[in-house]
$ cat structure_14.pdb   # PDB, C-alpha atoms
ATOM      1  CA  MET M   1       0.000   0.000   0.000  1.00  0.00           C
ATOM      2  CA  LYS M   2       1.204   3.508  -0.831  1.00  0.00           C
ATOM      3  CA  ILE M   3       0.280   6.878   0.642  1.00  0.00           C
ATOM      4  CA  THR M   4       0.513   8.451  -2.794  1.00  0.00           C
ATOM      5  CA  LYS M   5      -2.599   6.513  -3.771  1.00  0.00           C
ATOM      6  CA  LEU M   6      -4.337   8.659  -1.171  1.00  0.00           C
ATOM      7  CA  PHE M   7      -3.605  11.569  -3.481  1.00  0.00           C
ATOM      8  CA  PHE M   8      -4.060  10.077  -6.900  1.00  0.00           C
ATOM      9  CA  VAL M   9      -5.852   6.751  -7.395  1.00  0.00           C
ATOM     10  CA  SER M  10      -9.179   7.993  -6.089  1.00  0.00           C
ATOM     11  CA  PHE M  11      -8.630  11.504  -7.439  1.00  0.00           C
ATOM     12  CA  LEU M  12      -9.170  10.568 -11.060  1.00  0.00           C
ATOM     13  CA  LEU M  13     -12.633   9.362 -10.142  1.00  0.00           C
ATOM     14  CA  LEU M  14     -13.264  12.668  -8.388  1.00  0.00           C
ATOM     15  CA  PHE M  15     -11.953  14.623 -11.366  1.00  0.00           C
ATOM     16  CA  ILE M  16     -14.352  12.901 -13.710  1.00  0.00           C
ATOM     17  CA  GLN M  17     -17.157  14.190 -11.511  1.00  0.00           C
ATOM     18  CA  GLY M  18     -15.776  17.751 -11.661  1.00  0.00           C
ATOM     19  CA  ALA M  19     -14.385  17.770  -8.135  1.00  0.00           C
ATOM     20  CA  CYS M  20     -11.347  19.710  -6.953  1.00  0.00           C
ATOM     21  CA  ILE M  21      -8.714  18.345  -4.602  1.00  0.00           C
ATOM     22  CA  GLU M  22      -6.948  20.286  -1.861  1.00  0.00           C
ATOM     23  CA  ILE M  23      -3.673  19.177  -0.278  1.00  0.00           C
ATOM     24  CA  ASN M  24      -2.462  21.003   2.821  1.00  0.00           C
ATOM     25  CA  GLU M  25       1.032  20.777   4.281  1.00  0.00           C
ATOM     26  CA  VAL M  26       1.404  22.495   7.664  1.00  0.00           C
ATOM     27  CA  ILE M  27       4.826  22.773   9.315  1.00  0.00           C
ATOM     28  CA  GLN M  28       5.256  24.117  12.815  1.00  0.00           C
ATOM     29  CA  MET M  29       8.938  24.791  13.390  1.00  0.00           C
ATOM     30  CA  LYS M  30      10.328  24.833  16.927  1.00  0.00           C
ATOM     31  CA  ASP M  31      13.180  26.843  18.435  1.00  0.00           C
ATOM     32  CA  ASN M  32      15.578  23.898  18.268  1.00  0.00           C
ATOM     33  CA  GLY M  33      14.978  23.342  14.550  1.00  0.00           C
ATOM     34  CA  SER M  34      12.671  20.357  14.963  1.00  0.00           C
ATOM     35  CA  ALA M  35       9.139  20.534  13.597  1.00  0.00           C
ATOM     36  CA  LEU M  36       5.662  19.060  13.585  1.00  0.00           C
ATOM     37  CA  LEU M  37       4.238  18.276  10.155  1.00  0.00           C
ATOM     38  CA  ASN M  38       0.615  17.702   9.228  1.00  0.00           C
ATOM     39  CA  LEU M  39      -0.220  16.506   5.726  1.00  0.00           C
ATOM     40  CA  SER M  40      -3.897  16.421   4.838  1.00  0.00           C
ATOM     41  CA  ILE M  41      -6.233  16.238   1.867  1.00  0.00           C
ATOM     42  CA  PHE M  42      -9.803  17.434   1.493  1.00  0.00           C
ATOM     43  CA  VAL M  43     -12.092  15.708  -1.003  1.00  0.00           C
ATOM     44  CA  PRO M  44     -15.894  15.695  -1.389  1.00  0.00           C
ATOM     45  CA  ASP M  45     -18.080  12.619  -1.270  1.00  0.00           C
ATOM     46  CA  ILE M  46     -18.513  10.882  -4.602  1.00  0.00           C
ATOM     47  CA  GLU M  47     -22.136  10.689  -5.590  1.00  0.00           C
ATOM     48  CA  ASP M  48     -23.457   7.357  -6.826  1.00  0.00           C
ATOM     49  CA  LYS M  49     -25.482   8.388  -9.875  1.00  0.00           C
ATOM     50  CA  LYS M  50     -27.312   5.068  -9.951  1.00  0.00           C
ATOM     51  CA  ASN M  51     -28.402   5.607  -6.366  1.00  0.00           C
ATOM     52  CA  PRO M  52     -28.368   9.367  -5.522  1.00  0.00           C
ATOM     53  CA  ASN M  53     -29.105   8.663  -1.868  1.00  0.00           C
ATOM     54  CA  ASN M  54     -25.885   6.706  -1.528  1.00  0.00           C
ATOM     55  CA  LYS M  55     -22.705   8.716  -0.837  1.00  0.00           C
ATOM     56  CA  THR M  56     -19.383   6.929  -1.267  1.00  0.00           C
ATOM     57  CA  GLU M  57     -16.713   8.373   0.983  1.00  0.00           C
ATOM     58  CA  VAL M  58     -13.084   8.692  -0.077  1.00  0.00           C
ATOM     59  CA  LYS M  59     -12.180   5.744   2.138  1.00  0.00           C
ATOM     60  CA  GLY M  60     -14.129   3.514  -0.193  1.00  0.00           C
ATOM     61  CA  LYS M  61     -12.147   4.799  -3.187  1.00  0.00           C
ATOM     62  CA  LYS M  62      -8.667   4.048  -1.894  1.00  0.00           C
ATOM     63  CA  PRO M  63      -6.831   1.070  -0.405  1.00  0.00           C
ATOM     64  CA  GLU M  64      -7.555   0.815   3.314  1.00  0.00           C
ATOM     65  CA  ASP M  65      -5.012   1.982   5.861  1.00  0.00           C
ATOM     66  CA  ILE M  66      -2.901   3.820   3.281  1.00  0.00           C
ATOM     67  CA  ALA M  67      -2.002   6.596   5.703  1.00  0.00           C
ATOM     68  CA  LYS M  68      -0.870   4.040   8.264  1.00  0.00           C
ATOM     69  CA  SER M  69       1.518   2.535   5.746  1.00  0.00           C
ATOM     70  CA  LEU M  70       3.971   5.366   6.396  1.00  0.00           C
ATOM     71  CA  GLY M  71       4.137   4.308  10.025  1.00  0.00           C
ATOM     72  CA  GLN M  72       5.068   0.754   9.065  1.00  0.00           C
ATOM     73  CA  GLY M  73       8.557   1.665   7.903  1.00  0.00           C
ATOM     74  CA  ASP M  74      11.208   3.663   9.696  1.00  0.00           C
ATOM     75  CA  ILE M  75      12.182   7.040   8.241  1.00  0.00           C
ATOM     76  CA  GLU M  76      15.386   8.487   9.657  1.00  0.00           C
ATOM     77  CA  ASN M  77      14.713  11.449  11.993  1.00  0.00           C
ATOM     78  CA  ILE M  78      10.958  11.295  11.341  1.00  0.00           C
ATOM     79  CA  LYS M  79       8.429   9.897  13.820  1.00  0.00           C
ATOM     80  CA  PHE M  80       4.947   8.895  12.684  1.00  0.00           C
ATOM     81  CA  LEU M  81       2.350  10.294  15.124  1.00  0.00           C
ATOM     82  CA  GLY M  82      -0.824   8.837  13.621  1.00  0.00           C
ATOM     83  CA  GLU M  83      -3.590   9.469  11.120  1.00  0.00           C
ATOM     84  CA  GLN M  84      -7.151  10.743  11.221  1.00  0.00           C
ATOM     85  CA  GLU M  85     -10.128  10.691   8.915  1.00  0.00           C
ATOM     86  CA  LYS M  86     -13.124  12.926   9.563  1.00  0.00           C
ATOM     87  CA  LYS M  87     -15.720  15.233   8.055  1.00  0.00           C
ATOM     88  CA  VAL M  88     -14.924  18.962   7.846  1.00  0.00           C
ATOM     89  CA  ASN M  89     -17.576  21.284   6.403  1.00  0.00           C
ATOM     90  CA  GLY M  90     -19.081  18.451   4.392  1.00  0.00           C
ATOM     91  CA  LEU M  91     -15.717  17.295   3.004  1.00  0.00           C
ATOM     92  CA  ASN M  92     -13.697  14.197   3.797  1.00  0.00           C
ATOM     93  CA  GLN M  93     -10.406  15.068   5.474  1.00  0.00           C
ATOM     94  CA  VAL M  94      -7.657  12.467   5.681  1.00  0.00           C
ATOM     95  CA  SER M  95      -4.503  13.591   7.481  1.00  0.00           C
ATOM     96  CA  VAL M  96      -1.227  12.161   8.731  1.00  0.00           C
ATOM     97  CA  ASN M  97       1.030  13.681  11.391  1.00  0.00           C
ATOM     98  CA  PHE M  98       4.783  13.495  11.903  1.00  0.00           C
ATOM     99  CA  GLU M  99       7.484  14.848  14.187  1.00  0.00           C
ATOM    100  CA  LEU M 100      10.735  15.851  12.458  1.00  0.00           C
ATOM    101  CA  THR M 101      14.028  15.898  14.360  1.00  0.00           C
ATOM    102  CA  SER M 102      15.072  18.682  11.983  1.00  0.00           C
ATOM    103  CA  ILE M 103      12.928  20.688   9.594  1.00  0.00           C
ATOM    104  CA  LYS M 104      15.613  20.010   6.989  1.00  0.00           C
ATOM    105  CA  ASP M 105      14.563  16.338   6.968  1.00  0.00           C
ATOM    106  CA  ASN M 106      11.069  16.990   5.591  1.00  0.00           C
ATOM    107  CA  PHE M 107      12.045  15.807   2.105  1.00  0.00           C
ATOM    108  CA  LYS M 108      12.808  12.329   3.488  1.00  0.00           C
ATOM    109  CA  LEU M 109       9.086  11.809   3.990  1.00  0.00           C
ATOM    110  CA  TYR M 110       8.382  12.370   0.308  1.00  0.00           C
ATOM    111  CA  GLN M 111      11.372  10.247  -0.662  1.00  0.00           C
ATOM    112  CA  LYS M 112       9.771   7.456   1.335  1.00  0.00           C
ATOM    113  CA  LEU M 113       6.519   7.934  -0.563  1.00  0.00           C
ATOM    114  CA  ASP M 114       8.416   7.796  -3.827  1.00  0.00           C
ATOM    115  CA  ALA M 115      10.255   4.643  -2.771  1.00  0.00           C
ATOM    116  CA  LEU M 116       7.001   2.953  -1.748  1.00  0.00           C
ATOM    117  CA  ASP M 117       5.482   3.832  -5.086  1.00  0.00           C
ATOM    118  CA  LYS M 118       8.457   2.618  -7.114  1.00  0.00           C
ATOM    119  CA  GLY M 119       8.284  -0.657  -5.252  1.00  0.00           C
ATOM    120  CA  SER M 120       4.752  -1.247  -6.464  1.00  0.00           C
ATOM    121  CA  SER M 121       4.098  -3.933  -9.051  1.00  0.00           C
ATOM    122  CA  GLU M 122       1.394  -1.799 -10.674  1.00  0.00           C
ATOM    123  CA  LYS M 123       2.077  -0.223 -14.063  1.00  0.00           C
ATOM    124  CA  LYS M 124       2.195   3.570 -13.911  1.00  0.00           C
ATOM    125  CA  GLU M 125       4.478   4.608 -16.752  1.00  0.00           C
ATOM    126  CA  ASP M 126       1.843   7.023 -18.061  1.00  0.00           C
ATOM    127  CA  ASP M 127       0.738   8.396 -14.676  1.00  0.00           C
ATOM    128  CA  LYS M 128       2.613  11.687 -14.955  1.00  0.00           C
ATOM    129  CA  THR M 129       0.514  13.253 -12.191  1.00  0.00           C
ATOM    130  CA  GLN M 130       1.780  10.852  -9.559  1.00  0.00           C
ATOM    131  CA  ILE M 131       5.323  10.836 -10.944  1.00  0.00           C
ATOM    132  CA  ALA M 132       5.433  14.651 -10.934  1.00  0.00           C
ATOM    133  CA  PHE M 133       4.216  14.882  -7.341  1.00  0.00           C
ATOM    134  CA  ASN M 134       6.814  12.356  -6.170  1.00  0.00           C
ATOM    135  CA  LYS M 135       9.678  14.041  -8.021  1.00  0.00           C
ATOM    136  CA  ILE M 136       8.818  17.641  -7.117  1.00  0.00           C
ATOM    137  CA  PHE M 137       8.284  17.023  -3.414  1.00  0.00           C
ATOM    138  CA  ALA M 138      11.103  14.515  -2.912  1.00  0.00           C
ATOM    139  CA  ASP M 139      13.529  17.167  -4.198  1.00  0.00           C
ATOM    140  CA  SER M 140      12.158  20.068  -2.118  1.00  0.00           C
ATOM    141  CA  HIS M 141      14.643  20.796   0.673  1.00  0.00           C
ATOM    142  CA  TYR M 142      14.589  23.375   3.463  1.00  0.00           C
ATOM    143  CA  THR M 143      17.875  25.238   3.860  1.00  0.00           C
ATOM    144  CA  LEU M 144      18.834  27.460   6.794  1.00  0.00           C
ATOM    145  CA  LYS M 145      21.620  30.040   6.980  1.00  0.00           C
ATOM    146  CA  LYS M 146      22.458  33.390   8.588  1.00  0.00           C
ATOM    147  CA  ASP M 147      22.352  36.730   6.822  1.00  0.00           C
ATOM    148  CA  GLY M 148      24.676  39.674   7.432  1.00  0.00           C
ATOM    149  CA  ALA M 149      22.433  41.040  10.191  1.00  0.00           C
ATOM    150  CA  GLY M 150      22.388  37.771  12.117  1.00  0.00           C
ATOM    151  CA  ASN M 151      18.858  36.749  11.104  1.00  0.00           C
ATOM    152  CA  VAL M 152      17.980  33.237   9.941  1.00  0.00           C
ATOM    153  CA  LEU M 153      17.161  32.767   6.251  1.00  0.00           C
ATOM    154  CA  ILE M 154      14.935  29.770   5.483  1.00  0.00           C
ATOM    155  CA  THR M 155      14.297  28.738   1.895  1.00  0.00           C
ATOM    156  CA  ARG M 156      12.574  25.840   0.190  1.00  0.00           C
ATOM    157  CA  GLU M 157      12.722  25.333  -3.553  1.00  0.00           C
ATOM    158  CA  PHE M 158      10.367  23.365  -5.800  1.00  0.00           C
ATOM    159  CA  LYS M 159      11.776  22.528  -9.220  1.00  0.00           C
ATOM    160  CA  PRO M 160       9.481  22.037 -12.235  1.00  0.00           C
ATOM    161  CA  THR M 161       9.232  18.808 -14.236  1.00  0.00           C
ATOM    162  CA  PRO M 162       9.215  20.030 -17.865  1.00  0.00           C
ATOM    163  CA  GLU M 163      10.068  16.561 -19.151  1.00  0.00           C
ATOM    164  CA  LEU M 164       6.623  15.382 -18.060  1.00  0.00           C
ATOM    165  CA  LEU M 165       4.912  18.119 -20.065  1.00  0.00           C
ATOM    166  CA  LYS M 166       5.945  16.700 -23.427  1.00  0.00           C
ATOM    167  CA  LYS M 167       2.944  15.410 -25.323  1.00  0.00           C
ATOM    168  CA  PRO M 168       3.243  11.724 -26.228  1.00  0.00           C
ATOM    169  CA  VAL M 169       1.953  10.500 -29.544  1.00  0.00           C
ATOM    170  CA  LYS M 170      -1.787   9.960 -29.285  1.00  0.00           C
ATOM    171  CA  LYS M 171      -2.808   6.349 -29.323  1.00  0.00           C
ATOM    172  CA  ALA M 172      -6.156   4.915 -30.255  1.00  0.00           C
ATOM    173  CA  SER M 173      -7.994   2.996 -27.584  1.00  0.00           C
ATOM    174  CA  LYS M 174      -8.977  -0.620 -27.977  1.00  0.00           C
ATOM    175  CA  ASP M 175     -12.308   0.369 -29.498  1.00  0.00           C
ATOM    176  CA  GLY M 176     -10.559   2.543 -32.091  1.00  0.00           C
ATOM    177  CA  GLN M 177     -11.488   5.851 -30.448  1.00  0.00           C
ATOM    178  CA  PRO M 178      -8.855   8.521 -29.592  1.00  0.00           C
ATOM    179  CA  ASP M 179      -7.327   8.325 -26.136  1.00  0.00           C
ATOM    180  CA  PHE M 180      -7.945  11.628 -24.344  1.00  0.00           C
ATOM    181  CA  SER M 181      -6.355  10.579 -21.046  1.00  0.00           C
ATOM    182  CA  ASN M 182      -3.337  12.861 -21.559  1.00  0.00           C
ATOM    183  CA  GLU M 183      -5.496  15.941 -22.131  1.00  0.00           C
ATOM    184  CA  MET M 184      -7.591  15.052 -19.088  1.00  0.00           C
ATOM    185  CA  GLY M 185      -4.420  14.623 -17.060  1.00  0.00           C
ATOM    186  CA  ASP M 186      -3.232  18.120 -18.019  1.00  0.00           C
ATOM    187  CA  ILE M 187      -6.486  19.593 -16.765  1.00  0.00           C
ATOM    188  CA  PHE M 188      -6.517  17.404 -13.682  1.00  0.00           C
ATOM    189  CA  VAL M 189      -3.151  18.576 -12.317  1.00  0.00           C
ATOM    190  CA  ASN M 190      -4.484  22.149 -12.271  1.00  0.00           C
ATOM    191  CA  MET M 191      -7.406  20.984 -10.132  1.00  0.00           C
ATOM    192  CA  ILE M 192      -5.072  19.708  -7.419  1.00  0.00           C
ATOM    193  CA  TYR M 193      -4.627  22.743  -5.169  1.00  0.00           C
ATOM    194  CA  ILE M 194      -1.725  22.779  -2.709  1.00  0.00           C
ATOM    195  CA  ASN M 195      -1.517  24.976   0.378  1.00  0.00           C
ATOM    196  CA  PHE M 196       1.682  25.401   2.373  1.00  0.00           C
ATOM    197  CA  GLU M 197       1.495  26.751   5.900  1.00  0.00           C
ATOM    198  CA  PHE M 198       4.551  27.576   8.011  1.00  0.00           C
ATOM    199  CA  PHE M 199       4.619  28.566  11.683  1.00  0.00           C
ATOM    200  CA  SER M 200       7.828  30.334  12.700  1.00  0.00           C
ATOM    201  CA  PRO M 201       9.298  29.841  16.201  1.00  0.00           C
ATOM    202  CA  THR M 202      10.459  33.474  16.314  1.00  0.00           C
ATOM    203  CA  GLU M 203       9.463  36.846  14.875  1.00  0.00           C
ATOM    204  CA  VAL M 204       9.148  36.945  11.085  1.00  0.00           C
ATOM    205  CA  ILE M 205      11.319  39.712   9.628  1.00  0.00           C
ATOM    206  CA  SER M 206      10.180  39.234   6.001  1.00  0.00           C
ATOM    207  CA  SER M 207       8.927  36.591   3.582  1.00  0.00           C
ATOM    208  CA  ASN M 208       7.453  36.128   0.125  1.00  0.00           C
ATOM    209  CA  ALA M 209       4.364  34.391   1.532  1.00  0.00           C
ATOM    210  CA  GLN M 210       1.049  35.284  -0.080  1.00  0.00           C
ATOM    211  CA  GLU M 211      -0.558  35.621   3.346  1.00  0.00           C
ATOM    212  CA  GLN M 212       0.855  36.362   6.789  1.00  0.00           C
ATOM    213  CA  PHE M 213      -0.815  36.330  10.200  1.00  0.00           C
ATOM    214  CA  GLY M 214       1.875  37.096  12.720  1.00  0.00           C
ATOM    215  CA  ARG M 215       4.223  34.111  12.679  1.00  0.00           C
ATOM    216  CA  ASN M 216       1.895  32.123  10.420  1.00  0.00           C
ATOM    217  CA  LEU M 217       2.867  32.205   6.706  1.00  0.00           C
ATOM    218  CA  ARG M 218       0.852  30.768   3.821  1.00  0.00           C
ATOM    219  CA  TRP M 219       1.457  29.984   0.141  1.00  0.00           C
ATOM    220  CA  LYS M 220      -1.120  28.669  -2.340  1.00  0.00           C
ATOM    221  CA  THR M 221      -0.436  26.948  -5.653  1.00  0.00           C
ATOM    222  CA  SER M 222      -1.402  23.900  -7.741  1.00  0.00           C
ATOM    223  CA  LEU M 223       0.391  20.800  -8.918  1.00  0.00           C
ATOM    224  CA  GLY M 224      -0.021  22.042 -12.484  1.00  0.00           C
ATOM    225  CA  TYR M 225       1.837  25.265 -11.633  1.00  0.00           C
ATOM    226  CA  LEU M 226       4.658  23.395  -9.887  1.00  0.00           C
ATOM    227  CA  MET M 227       5.091  21.143 -12.908  1.00  0.00           C
ATOM    228  CA  LYS M 228       5.748  24.176 -15.118  1.00  0.00           C
ATOM    229  CA  ASN M 229       7.310  26.757 -12.786  1.00  0.00           C
ATOM    230  CA  LYS M 230       9.964  26.978 -10.108  1.00  0.00           C
ATOM    231  CA  LEU M 231       8.653  28.042  -6.704  1.00  0.00           C
ATOM    232  CA  VAL M 232      10.957  29.275  -3.944  1.00  0.00           C
ATOM    233  CA  MET M 233       9.578  29.879  -0.457  1.00  0.00           C
ATOM    234  CA  GLU M 234      11.640  32.531   1.340  1.00  0.00           C
ATOM    235  CA  ILE M 235      11.441  33.324   5.041  1.00  0.00           C
ATOM    236  CA  LYS M 236      13.638  35.554   7.199  1.00  0.00           C
ATOM    237  CA  ILE M 237      13.154  35.155  10.948  1.00  0.00           C
ATOM    238  CA  LYS M 238      14.778  36.513  14.077  1.00  0.00           C
ATOM    239  CA  SER M 239      17.554  34.317  15.422  1.00  0.00           C
ATOM    240  CA  SER M 240      17.629  32.722  18.882  1.00  0.00           C
ATOM    241  CA  PRO M 241      20.261  30.875  20.948  1.00  0.00           C
ATOM    242  CA  GLU M 242      18.688  27.536  19.990  1.00  0.00           C
ATOM    243  CA  LEU M 243      18.665  28.377  16.278  1.00  0.00           C
ATOM    244  CA  GLU M 244      22.260  29.586  16.502  1.00  0.00           C
ATOM    245  CA  LYS M 245      23.281  26.099  17.586  1.00  0.00           C
ATOM    246  CA  LEU M 246      21.426  24.603  14.644  1.00  0.00           C
ATOM    247  CA  LEU M 247      23.298  26.822  12.185  1.00  0.00           C
ATOM    248  CA  LYS M 248      26.751  25.922  13.537  1.00  0.00           C
TER     249      LYS M 248
END
$ encode --input "structure_14.pdb" --output "structure tokens"
Amino acid sequence: MKITKLFFVSFLLLFIQGACIEINEVIQMKDNGSALLNLSIFVPDIEDKKNPNNKTEVKGKKPEDIAKSLGQGDIENIKFLGEQEKKVNGLNQVSVNFELTSIKDNFKLYQKLDALDKGSSEKKEDDKTQIAFNKIFADSHYTLKKDGAGNVLITREFKPTPELLKKPVKKASKDGQPDFSNEMGDIFVNMIYINFEFFSPTEVISSNAQEQFGRNLRWKTSLGYLMKNKLVMEIKIKSSPELEKLLK
């Protein structure tokens, strides 16, 4: 079982019904450089058109216990804290929680997801949505350094995947009709919205966040945007004795 299926296997079914997907990553950094990470998705119920009174929840559209699969294997410097599934404003929310020894280890979580996926026996050569998510997030590192004024500069870079944007030669389906799956996939990645939320342990001096509420910073994007464009999150925060030790 693979946590990435939580994002993608059931999502195609949702896309066909015109539904949008929202992925939230919330990181709460502590003074000593460790962090709490919450990764959650929000998806609506899928309506059974044959029986309108029957609502199929997201749990029924994914392998069971996918979130728990991350807790079954050790990830260096990352502790699995558990998973939840509940209703929030009429949407299904599935979330997993982790404790990071260092915020700089966040990418190891996504590397684990990528490794789990690559170990699957299922064919996915044409699933560029899942491949793009794995590649983009597994390569997104947090870096910390001091500036000339003694503040702490935190950056995180997401690199695009232009190689996945190349259009393959269209193939006819078994019934002789054109295969529109690639075009649908291009639209689908723009319907996967991603929200990043960062809580700073000290005063925020400056950032390029789209929204700021005190020490709470927020960025909003989509998987489609990340596939085509580089995104760099930049945060400058006030230093502290604990953070000074982390930078040495």
$ residues_around --input "structure_14.pdb" --residues "Lys79 in chain M" --least-positions-apart "2" --cutoff "7 Å" --atoms "all atoms listed in the file" --output "PyMOL selection string"
chain M and resi 77+81+98-100
$ residues_around --input "structure_14.pdb" --residues "Lys228 in chain M" --least-positions-apart "5" --cutoff "9 Å" --atoms "only C-alpha atoms" --output "ChimeraX atom specification"
/M:159-162,165,223
$ closest_residue --input "structure_14.pdb" --among "M:Val152, M:Met191, M:Val88, M:Ile131" --to "Leu246 in chain M" --atoms "only C-alpha atoms"
M:Val152
$ atom_distance --input "structure_14.pdb" --atom1 "CA of Lys145 in chain M" --atom2 "CA of Phe213 in chain M"
23.5 Å
$ residues_around --input "structure_14.pdb" --residues "range 197-203 of chain M" --least-positions-apart "3" --cutoff "7 Å" --atoms "all atoms listed in the file" --output "list in words"
Glu25, Val26, Ile27, Gln28, Met29, Lys30, Asp31, Arg215, Asn216, Leu217, Arg218, Trp219, Ile237 and Lys238 of chain M
$ resolve_selection --input "structure_14.pdb" --expression "the PyMOL selection byres ((chain M and resi 136) around 9)" --output "PyMOL selection string"
chain M and resi 131-135+137-140+158-161+226-227
$ atom_distance --input "structure_14.pdb" --atom1 "CA of Cys20 in chain M" --atom2 "CA of Val94 in chain M"
15.0 Å
$ closest_residue --input "structure_14.pdb" --among "M:Ser240, M:Asn190, M:Thr101, M:Asn208" --to "Tyr225 in chain M" --atoms "only C-alpha atoms"
M:Asn190
$ atom_distance --input "structure_14.pdb" --atom1 "CA of Lys104 in chain M" --atom2 "CA of Ile75 in chain M"
13.5 Å
$ residues_around --input "structure_14.pdb" --residues "Tyr193 in chain M" --least-positions-apart "5" --cutoff "6 Å" --atoms "all atoms listed in the file" --output "PyMOL selection string"
chain M and resi 22+221-222
$ resolve_selection --input "structure_14.pdb" --expression "the PyMOL selection byres ((chain M and resi 233-236) around 6)" --output "ChimeraX atom specification"
/M:152-156,205-208,232,237
$ axis_aligned_box --input "structure_14.pdb" --around "range 37-44 of chain M" --padding-each-side "3 Å" --output "lines of an AutoDock Vina configuration file"
center_x = -5.8
center_y = 17.0
center_z = 4.4
size_x = 26.1
size_y = 8.6
size_z = 17.5
$ resolve_selection --input "structure_14.pdb" --expression "the PyMOL selection byres ((chain M and resi 82) around 6)" --output "list in words"
Phe80, Leu81, Glu83, Val96 and Asn97 of chain M
$ residues_around --input "structure_14.pdb" --residues "Ser40 in chain M" --least-positions-apart "5" --cutoff "6 Å" --atoms "all atoms listed in the file" --output "PyMOL selection string"
chain M and resi 23-24+94-95
$ closest_residue --input "structure_14.pdb" --among "M:Asn89, M:Gln130, M:Asn106, M:Asn151" --to "Leu247 in chain M" --atoms "all atoms listed in the file"
M:Asn151
